[in-house]
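Chemist: This one is my_file_23.cif, mmCIF, C-alpha atoms.
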```
data_query
loop_
_atom_site.label_atom_id
_atom_site.label_comp_id
_atom_site.auth_asym_id
_atom_site.auth_seq_id
_atom_site.Cartn_x
_atom_site.Cartn_y
_atom_site.Cartn_z
CA MET S 284 111.02 -31.59 -139.13
CA ILE S 285 114.58 -32.79 -138.58
CA LEU S 286 113.82 -33.51 -134.94
CA LEU S 287 110.80 -35.59 -135.95
CA ILE S 288 112.91 -37.68 -138.34
CA ILE S 289 115.55 -38.30 -135.65
CA LEU S 290 112.86 -39.35 -133.18
CA LEU S 291 111.40 -41.82 -135.69
CA LEU S 292 114.87 -43.28 -136.37
CA ILE S 293 115.45 -43.80 -132.65
CA ILE S 294 112.08 -45.55 -132.25
CA LEU S 295 112.69 -47.81 -135.28
CA THR S 296 116.20 -48.68 -134.12
CA SER S 297 115.01 -49.65 -130.65
CA CYS S 298 112.23 -51.82 -132.12
CA VAL S 299 114.66 -53.61 -134.44
CA SER S 300 117.52 -54.14 -132.01
CA GLY S 301 115.43 -54.69 -128.87
CA THR S 302 116.96 -55.99 -125.63
CA LEU S 303 118.69 -59.37 -125.30
CA VAL S 304 117.14 -61.53 -122.59
CA VAL S 305 118.62 -64.86 -121.46
CA ASN S 306 116.54 -67.32 -119.42
CA VAL S 307 116.90 -70.88 -118.14
CA THR S 308 114.17 -73.50 -118.56
CA GLN S 309 114.96 -74.80 -115.05
CA SER S 310 116.66 -73.03 -112.19
CA SER S 311 117.98 -76.29 -110.72
CA TYR S 312 118.66 -79.85 -111.87
CA GLN S 313 119.08 -83.10 -109.93
CA ALA S 314 120.93 -86.16 -111.28
CA GLU S 315 123.00 -89.16 -110.25
CA GLU S 316 126.50 -90.27 -111.19
CA ASN S 317 126.99 -91.75 -114.68
CA GLN S 318 123.65 -90.37 -115.87
CA GLU S 319 123.13 -87.85 -118.68
CA ILE S 320 121.42 -84.48 -118.32
CA THR S 321 120.39 -81.64 -120.63
CA LEU S 322 120.87 -78.04 -119.51
CA GLU S 323 118.89 -75.51 -121.54
CA TRP S 324 118.92 -71.75 -121.96
CA THR S 325 116.75 -69.50 -124.15
CA PHE S 326 117.57 -66.06 -125.51
CA THR S 327 115.83 -63.50 -127.66
CA THR S 328 116.72 -63.49 -131.35
CA ASN S 329 116.83 -60.80 -133.99
CA ASN S 330 115.58 -61.44 -137.51
CA HIS S 331 118.25 -59.17 -138.93
CA SER S 332 121.15 -61.12 -137.37
CA SER S 333 122.53 -64.60 -137.98
CA SER S 334 124.32 -67.20 -135.88
CA ASN S 335 127.58 -65.90 -137.33
CA SER S 336 127.27 -62.87 -135.06
CA LEU S 337 126.53 -65.00 -132.00
CA ASN S 338 129.09 -65.50 -129.24
CA ILE S 339 128.37 -67.77 -126.28
CA PHE S 340 130.50 -68.81 -123.34
CA CYS S 341 129.30 -71.36 -120.73
CA GLU S 342 131.21 -72.32 -117.59
CA LEU S 343 130.94 -74.02 -114.21
CA ILE S 344 131.55 -71.54 -111.41
CA THR S 345 134.07 -72.92 -108.90
CA ASP S 346 137.22 -71.58 -107.25
CA ARG S 347 138.63 -71.79 -110.77
CA PRO S 348 135.87 -71.38 -113.43
CA LEU S 349 135.74 -74.41 -115.73
CA GLY S 350 134.94 -73.86 -119.39
CA LEU S 351 132.03 -75.93 -120.70
CA LEU S 352 131.33 -74.52 -124.16
CA SER S 353 132.58 -71.56 -126.19
CA LEU S 354 131.13 -70.35 -129.49
CA HIS S 355 132.82 -67.56 -131.43
CA GLU S 356 130.62 -66.21 -134.22
CA GLY S 357 128.68 -69.47 -134.14
CA VAL S 358 131.78 -71.70 -134.33
CA GLU S 359 132.83 -73.90 -131.41
CA VAL S 360 136.23 -73.28 -129.81
CA PRO S 361 137.33 -76.68 -128.35
CA LYS S 362 140.46 -75.28 -126.68
CA SER S 363 138.36 -73.28 -124.23
CA GLN S 364 136.77 -76.44 -122.80
CA ASP S 365 138.17 -77.69 -119.49
CA GLU S 366 139.60 -81.20 -119.23
CA GLN S 367 136.91 -82.15 -116.73
CA PHE S 368 134.28 -81.96 -119.51
CA ALA S 369 136.39 -83.27 -122.38
CA GLY S 370 134.36 -85.64 -124.55
CA ARG S 371 131.27 -85.35 -122.33
CA VAL S 372 129.52 -82.25 -123.70
CA GLN S 373 127.37 -82.06 -126.84
CA TRP S 374 125.21 -79.16 -128.04
CA ASP S 375 122.33 -78.89 -130.54
CA LYS S 376 123.28 -76.72 -133.51
CA ASP S 377 119.84 -76.91 -135.14
CA VAL S 378 117.97 -75.08 -132.37
CA LEU S 379 120.55 -72.35 -131.88
CA ARG S 380 118.91 -70.13 -134.52
CA GLU S 381 115.63 -70.45 -132.62
CA GLY S 382 117.23 -68.88 -129.57
CA ARG S 383 117.73 -72.15 -127.68
CA LEU S 384 120.99 -73.39 -126.25
CA ARG S 385 120.90 -77.06 -125.21
CA LEU S 386 123.92 -78.71 -123.60
CA HIS S 387 123.99 -82.49 -123.10
CA VAL S 388 126.42 -83.55 -120.36
CA SER S 389 127.04 -87.32 -120.13
CA ARG S 390 128.74 -89.60 -117.57
CA LEU S 391 128.04 -87.17 -114.77
CA ARG S 392 130.35 -86.96 -111.76
CA THR S 393 129.78 -85.57 -108.29
CA GLU S 394 132.38 -82.87 -109.01
CA ASP S 395 130.12 -81.61 -111.82
CA SER S 396 127.83 -80.15 -109.16
CA GLY S 397 127.64 -76.38 -109.00
CA MET S 398 126.41 -73.20 -110.67
CA TYR S 399 126.41 -73.13 -114.49
CA VAL S 400 126.43 -69.77 -116.27
CA CYS S 401 125.98 -69.10 -119.98
CA LYS S 402 126.82 -65.64 -121.34
CA VAL S 403 125.38 -64.60 -124.70
CA PHE S 404 126.91 -61.77 -126.74
CA THR S 405 125.29 -60.40 -129.93
CA ARG S 406 125.34 -57.20 -131.95
CA TYR S 407 122.13 -56.09 -130.27
CA GLY S 408 123.07 -56.80 -126.67
CA LYS S 409 124.51 -59.18 -124.10
CA ASN S 410 123.15 -61.03 -121.12
CA SER S 411 123.56 -64.21 -119.08
CA GLY S 412 121.55 -66.90 -117.32
CA ARG S 413 122.47 -69.37 -114.61
CA CYS S 414 121.21 -72.63 -113.14
CA TRP S 415 122.24 -75.08 -110.44
CA LEU S 416 123.15 -78.76 -110.93
CA ASN S 417 123.43 -81.25 -108.07
CA VAL S 418 124.98 -84.66 -108.84
CA THR S 419 124.77 -87.35 -106.15
CA GLU S 420 125.84 -90.97 -105.76
CA PRO S 421 123.47 -93.67 -107.06
CA ARG S 422 120.63 -94.46 -104.63
CA SER S 423 121.31 -98.20 -104.84
CA VAL S 424 124.81 -97.68 -103.41
CA LYS S 425 123.50 -95.52 -100.57
CA ALA S 426 120.70 -97.97 -99.74
CA LEU S 427 123.11 -100.91 -99.67
CA THR S 428 125.46 -99.04 -97.34
CA MET S 429 122.77 -97.74 -94.97
CA GLU S 430 120.28 -100.65 -94.88
CA MET S 431 122.67 -103.64 -94.91
CA PRO S 432 125.57 -102.90 -92.53
CA LEU S 433 127.99 -105.70 -91.79
CA HIS S 434 127.31 -107.42 -88.47
CA PRO S 435 130.26 -107.14 -86.04
CA LYS S 436 130.26 -110.92 -85.42
CA ILE S 437 130.89 -111.52 -89.13
CA LEU S 438 134.13 -109.59 -88.87
CA GLN S 439 135.42 -111.70 -85.93
CA THR S 440 138.15 -114.23 -86.70
CA PRO S 441 137.78 -117.66 -85.01
CA GLY S 442 140.60 -118.84 -82.77
CA PRO S 443 142.93 -121.66 -83.86
CA ASN S 444 141.33 -124.13 -81.40
CA ASP S 445 137.73 -123.22 -82.23
CA GLU S 446 135.42 -124.81 -84.71
CA THR S 447 132.53 -122.99 -86.39
CA ASP S 448 129.06 -124.40 -86.90
CA VAL S 449 128.22 -123.59 -90.52
CA GLN S 450 124.45 -123.48 -90.02
CA GLY S 451 124.20 -121.52 -86.81
CA GLY S 452 127.46 -119.63 -87.00
CA ARG S 453 128.21 -120.48 -83.35
CA LEU S 454 131.50 -121.60 -81.95
CA TYR S 455 131.70 -124.77 -79.88
CA LEU S 456 134.36 -127.20 -78.63
CA SER S 457 133.28 -130.58 -80.02
CA VAL S 458 136.53 -132.51 -79.55
CA PRO S 459 136.89 -131.99 -75.74
CA ILE S 460 133.21 -132.81 -75.16
CA LEU S 461 133.48 -136.05 -77.10
CA GLY S 462 136.63 -136.94 -75.18
CA VAL S 463 134.99 -136.44 -71.78
CA PHE S 464 131.94 -138.43 -72.87
CA GLY S 465 134.17 -141.29 -74.05
CA CYS S 466 136.05 -141.38 -70.72
CA ILE S 467 132.79 -141.56 -68.79
CA VAL S 468 131.59 -144.47 -70.92
CA LEU S 469 134.89 -146.34 -70.40
CA ILE S 470 134.79 -145.83 -66.63
CA LEU S 471 131.20 -147.01 -66.37
CA GLY S 472 131.99 -150.02 -68.55
CA ALA S 473 135.02 -150.99 -66.47
CA GLY S 474 133.09 -150.62 -63.21
CA LEU S 475 130.22 -152.73 -64.52
CA SER S 476 132.64 -155.46 -65.69
CA ALA S 477 134.38 -155.51 -62.29
CA TYR S 478 131.06 -155.75 -60.49
CA LEU S 479 129.89 -158.65 -62.65
CA LEU S 480 133.25 -160.45 -62.20
CA LYS S 481 132.97 -160.05 -58.40
CA LEU S 482 129.47 -161.50 -58.40
CA ARG S 483 130.71 -164.44 -60.44
CA HIS S 484 133.54 -165.23 -57.94
CA GLN S 485 131.11 -165.01 -55.02
CA HIS S 486 128.73 -167.43 -56.75
CA GLN S 487 131.55 -169.93 -57.39
CA ALA S 488 132.67 -169.77 -53.72
CA VAL S 489 129.16 -170.49 -52.47
CA SER S 490 128.88 -173.45 -54.81
CA GLN S 491 132.14 -174.99 -53.52
CA ASP S 492 131.07 -174.63 -49.87
CA ASN S 493 127.83 -176.47 -50.57
CA PHE S 494 129.77 -179.23 -52.30
CA PHE S 495 132.00 -179.97 -49.26
CA ILE S 496 129.00 -180.04 -46.93
#
```
Output the file's structure in the form of structure tokens.
Modeler:
Amino acid sequence: MILLIILLLIILTSCVSGTLVVNVTQSSYQAEENQEITLEWTFTTNNHSSSNSLNIFCELITDRPLGLLSLHEGVEVPKSQDEQFAGRVQWDKDVLREGRLRLHVSRLRTEDSGMYVCKVFTRYGKNSGRCWLNVTEPRSVKALTMEMPLHPKILQTPGPNDETDVQGGRLYLSVPILGVFGCIVLILGAGLSAYLLKLRHQHQAVSQDNFFI
């Protein structure tokens, strides 16, 4: 009889306490810099326990683990949070009793990328869940850098004696060309004047010879 009572107590205790299971709603997240993201974990609850017996510790796994959130008996411990996440992490208190842990991380940075682990400790067990977050640069910045590279000619500095055509962007020497063209015009004009003057003298000489005859 005593053995039967002990067996029943063991069965009832296991049904009440159960096993704590921690899961993640997503195994990986993708976001860009300066965006906001929500990381979510779920864990089994016990009707006979309250949030006052709940202890949670979340961190980013790096060479030196960075504290994200720490709850001791349901109360947040701000000192455990790393400076990297100061002022950028919020959590929903209302859904905690439902077995849901939601962390809102704002103004994301590329250094926020990595593995996030949340450990849950209760009177009826302990467990942990992990997920991966990848934060990249904005797509607009990448597209502008990759699709619109600066042309090498734009980076060239014109010489002190060169002039730049604003419309075509070509370099040409306008002053020397105008000078040569002006010299040619002057030479042709002088030659033509000399030729006409010579013809005039010849015409006058012929007229005088006819007069003496």
Chemist: Applying 7 Å and all atoms listed in the file, which residues near region 375-384 of chain S remain after dropping the ones on its own chain fewer than 6 positions away? List them as a list in words.
Modeler: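 Selected residues are Glu323, Trp324, Thr325, Phe326, Thr327, Thr328 and Ser334 of chain S.
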Chemist: Any chance you could resolve the PyMOL selection byres ((chain S and resi 306-321) around 8) against this file and give the residues as a list of chain:residue names?
Modeler: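 Selected by the PyMOL selection byres ((chain S and resi 306-321) around 8) in this file: S:Val304, S:Val305, S:Leu322, S:Glu323, S:Trp324, S:Thr325, S:Phe326, S:Arg385, S:Leu386, S:His387, S:Val388, S:Ser389, S:Arg390, S:Leu391, S:Arg392, S:Thr393, S:Ser411, S:Gly412, S:Arg413, S:Cys414, S:Trp415, S:Leu416, S:Asn417, S:Val418, S:Thr419, S:Glu420, S:Pro421.
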Chemist: CA of Gly408 (chain S) and CA of Phe368 (chain S), how far apart in Å?
Modeler: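 It comes out at 28.5 Å.
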Chemist: Measuring between only C-alpha atoms, which one of S:Thr302, S:Asn329, S:Ser396, S:Ser476 shows the shortest distance to Leu343 (chain S)?
Modeler: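 Under the stated criterion, the closest residue is S:Ser396.
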Chemist: Between CA of Pro348 (chain S) and CA of Asp395 (chain S), what is the distance in Å, rounded to a tenth?
Modeler: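 Pair CA of Pro348 (chain S) / CA of Asp395 (chain S) returns 11.8 Å.
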Chemist: For Cys341 (chain S), which of S:Val358, S:Cys401, S:Arg371, S:Ser363 is the closest residue, counting all atoms listed in the file?
Modeler: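 Looking at the shortest contact to Cys341 (chain S), the residue is S:Cys401.
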Chemist: Using CA of Val403 (chain S) and CA of Ala369 (chain S) as the two end points, give the distance in Å to one decimal.
Modeler: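 That distance, rounded to one decimal, is 21.8 Å.
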Chemist: Can you find the residues with an atom no farther than 8 Å from (129.1, -65.4, -125.2), counting all atoms listed in the file, and report them as a list in words?
Modeler: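 Final list of nearby residues, as requested, is Leu337, Asn338, Ile339, Phe340, Cys341, Ser353, Leu354, His355, Cys401, Lys402, Val403, Phe404, Thr405 and Lys409 of chain S.
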Chemist: Between S:Met398, S:Leu349, S:Leu475, S:Ile470, which residue has the minimum interatomic distance to Lys362 (chain S), considering all atoms listed in the file?
Modeler: S:Leu349
Chemist: Here is a test: counting all atoms listed in the file, which residue of S:Ile344, S:Tyr407, S:Leu352, S:Val372 is nearest to Glu394 (chain S)?
Modeler: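 Selected residue with least distance to Glu394 (chain S): S:Ile344.
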Chemist: Output requested as a compact mmCIF listing (two decimals), in the coordinates of the input - region 379-394 of chain S, filled out with N, CA, C and O atoms.
Modeler:
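Wrote rebuild-v8.txt, looks like this:
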```txt
# COMPACT_ATOMS: atom_id res chain seq x y z
N LEU S 379 119.86 -73.57 -132.30
CA LEU S 379 120.55 -72.35 -131.88
C LEU S 379 119.92 -71.12 -132.55
O LEU S 379 119.79 -70.06 -131.92
N ARG S 380 119.52 -71.26 -133.82
CA ARG S 380 118.91 -70.13 -134.52
C ARG S 380 117.55 -69.76 -133.94
O ARG S 380 117.08 -68.63 -134.11
N GLU S 381 116.93 -70.71 -133.24
CA GLU S 381 115.63 -70.45 -132.62
C GLU S 381 115.77 -69.77 -131.27
O GLU S 381 114.76 -69.50 -130.60
N GLY S 382 117.01 -69.51 -130.87
CA GLY S 382 117.23 -68.88 -129.57
C GLY S 382 117.24 -69.87 -128.43
O GLY S 382 116.88 -69.54 -127.29
N ARG S 383 117.66 -71.10 -128.71
CA ARG S 383 117.73 -72.15 -127.68
C ARG S 383 119.13 -72.74 -127.64
O ARG S 383 119.68 -73.12 -128.67
N LEU S 384 119.67 -72.80 -126.46
CA LEU S 384 120.99 -73.39 -126.25
C LEU S 384 120.81 -74.62 -125.37
O LEU S 384 120.44 -74.52 -124.20
N ARG S 385 121.08 -75.79 -125.94
CA ARG S 385 120.90 -77.06 -125.21
C ARG S 385 122.24 -77.76 -125.10
O ARG S 385 122.87 -78.09 -126.12
N LEU S 386 122.65 -78.03 -123.87
CA LEU S 386 123.92 -78.71 -123.60
C LEU S 386 123.62 -80.08 -122.99
O LEU S 386 122.94 -80.18 -121.97
N HIS S 387 124.15 -81.12 -123.61
CA HIS S 387 123.99 -82.49 -123.10
C HIS S 387 125.30 -82.91 -122.42
O HIS S 387 126.34 -83.01 -123.08
N VAL S 388 125.24 -83.14 -121.13
CA VAL S 388 126.42 -83.55 -120.36
C VAL S 388 126.23 -85.02 -119.96
O VAL S 388 125.26 -85.36 -119.28
N SER S 389 127.15 -85.88 -120.40
CA SER S 389 127.04 -87.32 -120.13
C SER S 389 128.05 -87.76 -119.07
O SER S 389 128.98 -87.03 -118.73
N ARG S 390 127.85 -88.99 -118.58
CA ARG S 390 128.74 -89.60 -117.57
C ARG S 390 129.01 -88.62 -116.42
O ARG S 390 130.15 -88.29 -116.12
N LEU S 391 127.94 -88.18 -115.82
CA LEU S 391 128.04 -87.17 -114.77
C LEU S 391 128.89 -87.65 -113.60
O LEU S 391 128.93 -88.84 -113.28
N ARG S 392 129.54 -86.71 -112.95
CA ARG S 392 130.35 -86.96 -111.76
C ARG S 392 129.86 -86.04 -110.64
O ARG S 392 129.24 -85.02 -110.89
N THR S 393 130.19 -86.41 -109.41
CA THR S 393 129.78 -85.57 -108.29
C THR S 393 130.46 -84.20 -108.35
O THR S 393 129.88 -83.21 -107.91
N GLU S 394 131.68 -84.15 -108.91
CA GLU S 394 132.38 -82.87 -109.01
C GLU S 394 131.80 -81.95 -110.07
O GLU S 394 132.21 -80.79 -110.21
```
